[in-house]
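Written below as structure tokens is the structure these notes are about.
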Amino acid sequence: MASPDFSLSVADCPLIQVEGWDGTLGQFEKSLSTSLDTKLPASVGETVRQKSLLVIRVAPRRLWLALDDGAQAWSLAVDPDLGCSVSLGEGRVRFSMAGAGVAGVISKCIAVDWCAPAAAPGRAVLTSLHHVPVLFLRTGETRCELIVPRSFSQSLSDWIADVAG
Amino acid sequence: MSSNHKRLSMGGRIDREQPVEFTFDGRKLIGYRGDTLASALLANGVTLVGRSFKYHRPRGIFSAGPEEPNALVTLATAGRRQPNLPATTLELADGMVAESQNRWPSLAFDVQSANGLLAPFLSAGFYYKTFMGPTRRAWMFYEHFIRKAAGLGRADTDLDSDRYDISHAFADVAIIGGGPAGLSAARAAAAAGARVALIEQDFLLGGQLLAEPSDSAAAAWLRQAEAELESSEPVTLMKRTTAFGIYDGNVIGLVEQCDPGNPLLAGEARQTFTMLRVRSIVFATGAIERPMVFSNNDRPGVMLASAARTYLNRFAVLPGKKIIVGTGNDGAWRAAFDLADAGAEVTIADVRAAPPTALATEAGRLGVMVRVATRVVDVRRGHAVRRATLNGPDGQSEAACDLVCVSGGWSPTVHLTSHLGVKPEYRDDIGGFVPGAFAADRFGAGSMMGIYSTTDAIEDGHRAGTAAASFCGKSAPVPAPSKLDLGETATVPFREIPSLGRGKAFVDFQMDVTTGDIELAHREGYESVEHLKRYTTLGMGTEQGKTSNFAALAAMAALRNATIPETGATTFRPPYTPVAIGALAGRAIGHHFKPIRRTPMHDWHMANGAEMLEVGLWMRPYFYRQSGLDVNDAYVAEMRNVRQAAGLMDISTLGKIDVQGPDAAIFLDRIYANGFAKLPVGRARYGVMLRDDGIVFDDGTTTRLAENRFFMTTSTAKAADVLSRLEFLLDTAWPDLRVTVTSVSDEWAAMSVAGPKSRAILSAAFPALDVSDAALAHMGLLESEWQGRALRILRLSYSGERAYEIYVGATAGQQLWSRLLEAGGPLDLKPYGVEALGALRVEKGHVAGPEIDGRTTLDDLGLGRMAGKRAGFVGDLLRRRPAFQAPDRQRLVGLECIEEGKRLRGGAILFLPGEKPYGHGRGRVTSVTFSPERGHYVGLALLAGDVASEGSEVVAVYPMKAETVRARIVSPVFLDPQGERLHG
């Protein structure tokens, strides 16, 4: 849907989750950083962009590696003694929202403070939309994304469209 | 049309350029923009606006705010009925249709006002004493009539056509209350650099300043403050917004009313429920004036003194011409002076022997008669006050009047602070309760802290706002507050001593609780304030003790010969004012009531005749209309097709959990009753989890994908619970295990091909894969790719037939589904729904949700051998407790119907032949199906072990349909007990 003040588009969301074991987290992060050729976000909610890849720390030992839609897929080898990985891209959908009205729409969807440093551009927040767990990604002053479970995506996009309508 | 004959020609904060037409009980009236319904009614000379709850006594407008106990009306605008709304808080709007409540046939002549004659029988607790007999069920008879006679407005039974919304808001500092203290706090907090939300229930800011003349210094101060705040970027002004509750984590529940002056746009919300999250809170909630207790103090024409002053100065309404002001404090004198200045003939009856000289001097200047050491003891006439009885040093006398203003002092509004568990504390110097000690992030300011001078309240608000901002780390320099001195003198507390004339003296107007009721409660031993509240219904209803609480406490304290602190206070709970259920629901109604989950094949099901069924949040195919006209025809046809050819089932809804880590096998060994550590890579195993108490929690299969990686499936219903449980155990019980669990339920589209032709269908669909028994044995795994996505084929069976579960990336689910149907079409592959799925598993004797119901153990379900002598898993110890080994414990059995033309039903209660069908019986039928294989109904049941011998008969009783049917106890495995069809 699109209006002068708000637009919503829905796309697939190539995504890999990686997680390091307690005790060897430093080694895991060093190895991962080398594999990705980028530093890793230091704390939960921080993100680091590396070309078409966005690295998001979603939990102290867990990161999501989100590829831009259409970017070439890649595989990641994780030493099982240090951590593990699991693909989540088939099961997630990316809602991209933009426009002057986006903050107002978001305020009726999720409990995230658009003005807070924790939700500033480049930040991520795990939260819930209509009781469904979603990841909020602030991508710009008037832009954001939600990464939502595929099975709920129709219901949630209907909700957002209704709020914005 | 009305004359507005009580409206003054000048003054007030109404917009005389914007007349507003409304009706009250069908009578067309005119008010102005800026009026409330109450002020407009008073302006039009309407003094009788309602009937009381129990006695149906005539009631008028008593206050000018949300504390109003009497003037409750129903709004019946545009076909909607909203009952029990205080007229004092309703912003007047064009076309408003208001109706009085609790009267018949009319407000002026209400038949049930005869209840007043029955008053001696309607005292506190009369329900409990009067309607207890003659039989236990007698109350059910009486209740209908009692509820009809007593009560408030009627809610509508039609769908609420209005729209409501829910939003989330954030700020550094919330300031609740837009009076002088709140405004000052907001200015200070904003100046300090904090993001501020200023919440005001009224449609105008100002609080008690609105009761000051519109051309006064107070009005100028207010205008300046408002302008400053409106232009201040970090301040959000939330007018028409009531903070109804304070919750953990500084979450404030707000309800915002839409502006009735602006017509609602399509889709716009009438009310918005906002959850405001803040770092600190300033409570500037003000104080509520107390009534005085005397005979007939509830009559129309008796009004709080502060309310009379508000109607005069804010709404330009002179509510009376001959006015008696009964008080014991200085504040009410200001009302008397303003009313006199506006042309009324005013007499002050002050209980004090020597009020301040300055006040007496001013009274003399304005021609106000002062009677000291005098109190109002009674008023006369029903629908409007005409005379008052005063008791003074010279004895009793009567005085003509058309308005009696009362002021029994002030009670700080401590409702919201009480929600946080802050106990109110009594302060003798102000004669009222103030909040106890606040947490570091909360502050109080102004009259809610017992500071009644405007000058001091502004200073106090400034202090609180600065401190609240500082708590949030905002400490920019804050200029001194702009001063406002209204020349108030201190409010001196006085202890209410009810003085009685000949009629009832009300303590709680809304609940019709009198001093007599409190005396009765005391006599009968209900001395605790909490007991008093419940026995008399004091402080209930929409008013929630705002005006009644203190007078009742004082009365009970006097009866107990105790102090007020010794007597205690009741606990205030949310909501502060009534909240529409619609506002709490917000948008979560209709198709948004709850989110719906759709499988990757959902669109195919919808396009191909599936009748869908909601299972948890999932939409699943119930049956396919191509299989039969109704579910009973269809599921039997679908079952037959699975048994004879092959069926395709969408099982994407199964919970799927990725379990990884060097300790994954150890972890599974602990959470399952049966072992997994020795499961070879590429093999699957059925597992059962127990709760700590030994009861079965969930079941499913888990497949070993690699040495350190497993793929777990759970039941659809328990997917979230199981994941949550696993995470909990890893975080709390075994943080040393290097294991992670991740829901991959949405990651995989899953489908089951079941039936004797299933292998041939797989061969046709995946010609490049070897799906022979050698390559893919029962409980085996085959991993591959399909169209670039990961593919997993597990050879598992739920139906008892040879079957395969096929998992593919969700985005390719629908394609693969179609591919299977295309490849399997020549082999009679057809889709089947959950009804057939359930029936197939019943025939095979597999347990599911109806049997794993939170009450059954492994042994109950015949699965005890799975655990064997293993130990160390969750639930191991308590599953062995003696109670679970009792011989009469209900165990899983099979039942087959042995009466021609009859059927079994799920939920039927089981009795032995000849037993009286009464009580809980010997067991219950959990699942049933018509078995095409057996040609009659079969079922699974949980039956007492001491009577559950195979071959015996039981009687299944289904009271809902008055059915009784004989059944034989058999093995729960109705089909292929040797499991040969798994390999067929």
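Going through the structure tokens in order, the chains are called A, B, and so on, while each chain numbers its residues from 1 and the ligands are numbered from 1 in the order shown.
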Quick one: contact table of chain B to chain A, 7 Å max, nearest atom pair and distance in Å to one decimal per residue, counting only C-alpha atoms, chain and number order, as a Markdown table?
```
| residue | atom | partner | partner_atom | distance |
| --- | --- | --- | --- | --- |
| B:Ile166 | CA | A:Lys108 | CA | 6.0 |
| B:Ser167 | CA | A:Lys108 | CA | 4.3 |
| B:His168 | CA | A:Ser107 | CA | 5.1 |
| B:Ala169 | CA | A:Ser107 | CA | 6.8 |
| B:Phe170 | CA | A:Asp113 | CA | 6.0 |
| B:Pro595 | CA | A:Ser155 | CA | 5.6 |
| B:Ile596 | CA | A:Ser155 | CA | 5.8 |
| B:Arg597 | CA | A:Ser151 | CA | 4.8 |
| B:Arg598 | CA | A:Ser151 | CA | 4.9 |
| B:Thr599 | CA | A:Ser151 | CA | 5.9 |
| B:Gln660 | CA | A:Cys84 | CA | 6.9 |
| B:Gly661 | CA | A:Pro80 | CA | 7.0 |
| B:Pro662 | CA | A:Asp81 | CA | 6.9 |
| B:Arg738 | CA | A:Trp21 | CA | 5.9 |
| B:Val744 | CA | A:Leu88 | CA | 7.0 |
| B:Asp746 | CA | A:Gly91 | CA | 4.3 |
| B:Glu747 | CA | A:Gly91 | CA | 3.7 |
| B:Trp748 | CA | A:Gly91 | CA | 7.0 |
| B:Gly809 | CA | A:Glu90 | CA | 5.6 |
| B:Ala810 | CA | A:Glu90 | CA | 5.3 |
| B:Thr811 | CA | A:Glu90 | CA | 5.9 |
```
I'd like the contact shell of region 680-690 of chain B - 8 Å cut-off, only C-alpha atoms, skipping same-chain residues fewer than 4 positions apart - returned as a PDB file with C-alpha atoms, in the first residue's frame.
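What ended up in around.pdb:
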```pdb
ATOM      1  CA  ILE B 671      13.930 -33.310  28.332  1.00  0.00           C
ATOM      2  CA  TYR B 672      12.502 -36.477  26.792  1.00  0.00           C
ATOM      3  CA  ALA B 673      11.346 -39.454  28.822  1.00  0.00           C
ATOM      4  CA  ASN B 674      12.987 -41.753  26.293  1.00  0.00           C
ATOM      5  CA  PHE B 676      18.050 -39.737  22.268  1.00  0.00           C
ATOM      6  CA  GLY B 694       5.349 -36.309  35.885  1.00  0.00           C
ATOM      7  CA  ILE B 695       2.373 -35.462  33.711  1.00  0.00           C
ATOM      8  CA  VAL B 696       2.852 -35.770  29.954  1.00  0.00           C
ATOM      9  CA  PHE B 697       3.642 -32.367  28.445  1.00  0.00           C
ATOM     10  CA  ASP B 698       3.909 -32.986  24.705  1.00  0.00           C
ATOM     11  CA  ASP B 699       5.018 -35.508  22.146  1.00  0.00           C
ATOM     12  CA  GLY B 700       6.595 -35.420  18.712  1.00  0.00           C
ATOM     13  CA  THR B 701       9.469 -36.755  16.692  1.00  0.00           C
ATOM     14  CA  THR B 702      13.053 -35.619  16.751  1.00  0.00           C
ATOM     15  CA  THR B 703      15.516 -36.387  13.995  1.00  0.00           C
ATOM     16  CA  ARG B 704      19.266 -36.360  14.254  1.00  0.00           C
ATOM     17  CA  LEU B 705      20.593 -34.293  11.370  1.00  0.00           C
ATOM     18  CA  ALA B 706      24.211 -34.350  12.492  1.00  0.00           C
ATOM     19  CA  GLU B 707      26.203 -35.295  15.542  1.00  0.00           C
ATOM     20  CA  MET B 779      11.994 -43.520  10.747  1.00  0.00           C
ATOM     21  CA  GLY B 780      14.729 -42.561   8.316  1.00  0.00           C
ATOM     22  CA  LEU B 781      15.776 -39.204   6.901  1.00  0.00           C
ATOM     23  CA  LEU B 782      16.677 -38.152   3.403  1.00  0.00           C
ATOM     24  CA  LEU B 794      11.270 -38.176   6.877  1.00  0.00           C
ATOM     25  CA  VAL B 874      12.365 -33.979  33.614  1.00  0.00           C
ATOM     26  CA  GLY B 875       9.418 -35.466  35.468  1.00  0.00           C
ATOM     27  CA  ASP B 876      11.220 -38.706  36.256  1.00  0.00           C
TER      28      ASP B 876
END
```
Step one, run DSSP on the backbone; step two, keep only residues of region 160-286 of chain B assigned to helix (DSSP H, G or I); then write them as a PyMOL selection string.
chain B and resi 180-191+207-211+217-230+248-250
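If you look at CA of Thr466 (chain B) and CA of Arg277 (chain B), they are 19.0 Å away from each other.
CA of Leu861 (chain B) sits 12.2 Å away from CA of Ala944 (chain B).
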Please measure the separation of CA of Thr413 (chain B) and CA of Leu209 (chain B), giving the value in Å to one decimal.
16.8 Å
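The shortest atom-to-atom distance to Val636 (chain B), with only C-alpha atoms taken into account, belongs to B:Glu843 out of B:Glu543, B:Glu843, B:Glu200, B:Asp828.
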Name all residues at most 10 Å from Leu146 (chain A) (count only C-alpha atoms; drop same-chain ones fewer than 2 positions away) and give them as a PDB file with C-alpha atoms, in the first residue's frame.
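Ended up saving to selection-v8.pdb:
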```pdb
ATOM      1  CA  VAL A  10       6.558  -6.649   1.628  1.00  0.00           C
ATOM      2  CA  ARG A  92      10.723 -14.415   7.676  1.00  0.00           C
ATOM      3  CA  VAL A  93       9.226 -11.563   5.689  1.00  0.00           C
ATOM      4  CA  ARG A  94      10.469  -7.999   5.586  1.00  0.00           C
ATOM      5  CA  PHE A  95       8.008  -5.087   5.823  1.00  0.00           C
ATOM      6  CA  SER A  96       9.557  -1.858   4.595  1.00  0.00           C
ATOM      7  CA  MET A  97       7.754   1.279   5.684  1.00  0.00           C
ATOM      8  CA  ALA A 124      17.179  -2.785  16.023  1.00  0.00           C
ATOM      9  CA  VAL A 125      14.621  -3.720  18.667  1.00  0.00           C
ATOM     10  CA  LEU A 126      12.992  -7.096  19.259  1.00  0.00           C
ATOM     11  CA  THR A 127       9.407  -6.385  20.153  1.00  0.00           C
ATOM     12  CA  LEU A 129       3.197  -6.503  16.998  1.00  0.00           C
ATOM     13  CA  VAL A 134       8.951  -9.051  15.329  1.00  0.00           C
ATOM     14  CA  LEU A 135      12.272  -7.298  14.825  1.00  0.00           C
ATOM     15  CA  PHE A 136      12.055  -3.541  14.337  1.00  0.00           C
ATOM     16  CA  LEU A 137      14.855  -2.031  12.271  1.00  0.00           C
ATOM     17  CA  ARG A 138      15.154   1.727  12.014  1.00  0.00           C
ATOM     18  CA  CYS A 144      11.920   1.490   9.131  1.00  0.00           C
ATOM     19  CA  VAL A 148       8.072 -10.789  10.865  1.00  0.00           C
ATOM     20  CA  PRO A 149       7.304 -14.526  10.831  1.00  0.00           C
TER      21      PRO A 149
END
```
Contacts of Glu785 (chain B) at 12 Å or less, counting only C-alpha atoms, minus same-chain residues fewer than 5 places along, as a tab-separated table (two decimals) with N, CA and C atoms, in the first residue's frame?
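Contents of the output file around_17.tsv:
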```tsv
chain	number	residue	atom	x	y	z
B	766	PHE	N	9.96	-37.00	-7.22
B	766	PHE	CA	11.41	-36.73	-7.09
B	766	PHE	C	12.18	-37.84	-7.81
B	768	ALA	N	14.89	-38.00	-9.19
B	768	ALA	CA	16.33	-38.08	-8.97
B	768	ALA	C	16.68	-38.65	-7.60
B	769	LEU	N	15.67	-38.84	-6.73
B	769	LEU	CA	15.95	-39.31	-5.38
B	769	LEU	C	15.65	-40.80	-5.26
B	790	ALA	N	16.39	-26.22	0.54
B	790	ALA	CA	16.64	-27.44	1.31
B	790	ALA	C	15.39	-28.30	1.33
B	791	LEU	N	15.60	-29.61	1.26
B	791	LEU	CA	14.50	-30.56	1.27
B	791	LEU	C	14.83	-31.65	2.29
B	792	ARG	N	13.87	-31.97	3.13
B	792	ARG	CA	14.03	-33.07	4.08
B	792	ARG	C	12.83	-34.00	3.93
B	793	ILE	N	13.12	-35.26	3.78
B	793	ILE	CA	12.03	-36.24	3.73
B	793	ILE	C	12.23	-37.20	4.89
B	806	ILE	N	7.39	-34.44	4.29
B	806	ILE	CA	8.29	-33.75	3.37
B	806	ILE	C	8.38	-32.29	3.80
B	807	TYR	N	9.58	-31.84	4.05
B	807	TYR	CA	9.83	-30.47	4.47
B	807	TYR	C	10.63	-29.75	3.40
B	808	VAL	N	10.17	-28.55	3.04
B	808	VAL	CA	10.89	-27.75	2.05
B	808	VAL	C	10.81	-26.29	2.50
B	809	GLY	N	11.75	-25.48	2.04
B	809	GLY	CA	11.72	-24.06	2.39
B	809	GLY	C	10.34	-23.47	2.14
B	812	ALA	N	8.89	-22.27	-1.13
B	812	ALA	CA	8.63	-23.23	-2.21
B	812	ALA	C	7.51	-24.21	-1.84
B	816	LEU	N	5.80	-27.14	-4.29
B	816	LEU	CA	6.03	-28.56	-4.06
B	816	LEU	C	4.70	-29.28	-3.83
```
List the spatial neighbours of Ser949 (chain B) as a VMD selection string - criterion: any atom at most 9 Å away, only C-alpha atoms, same-chain residues fewer than 5 positions off excluded.
chain B and resid 893 969 to 970
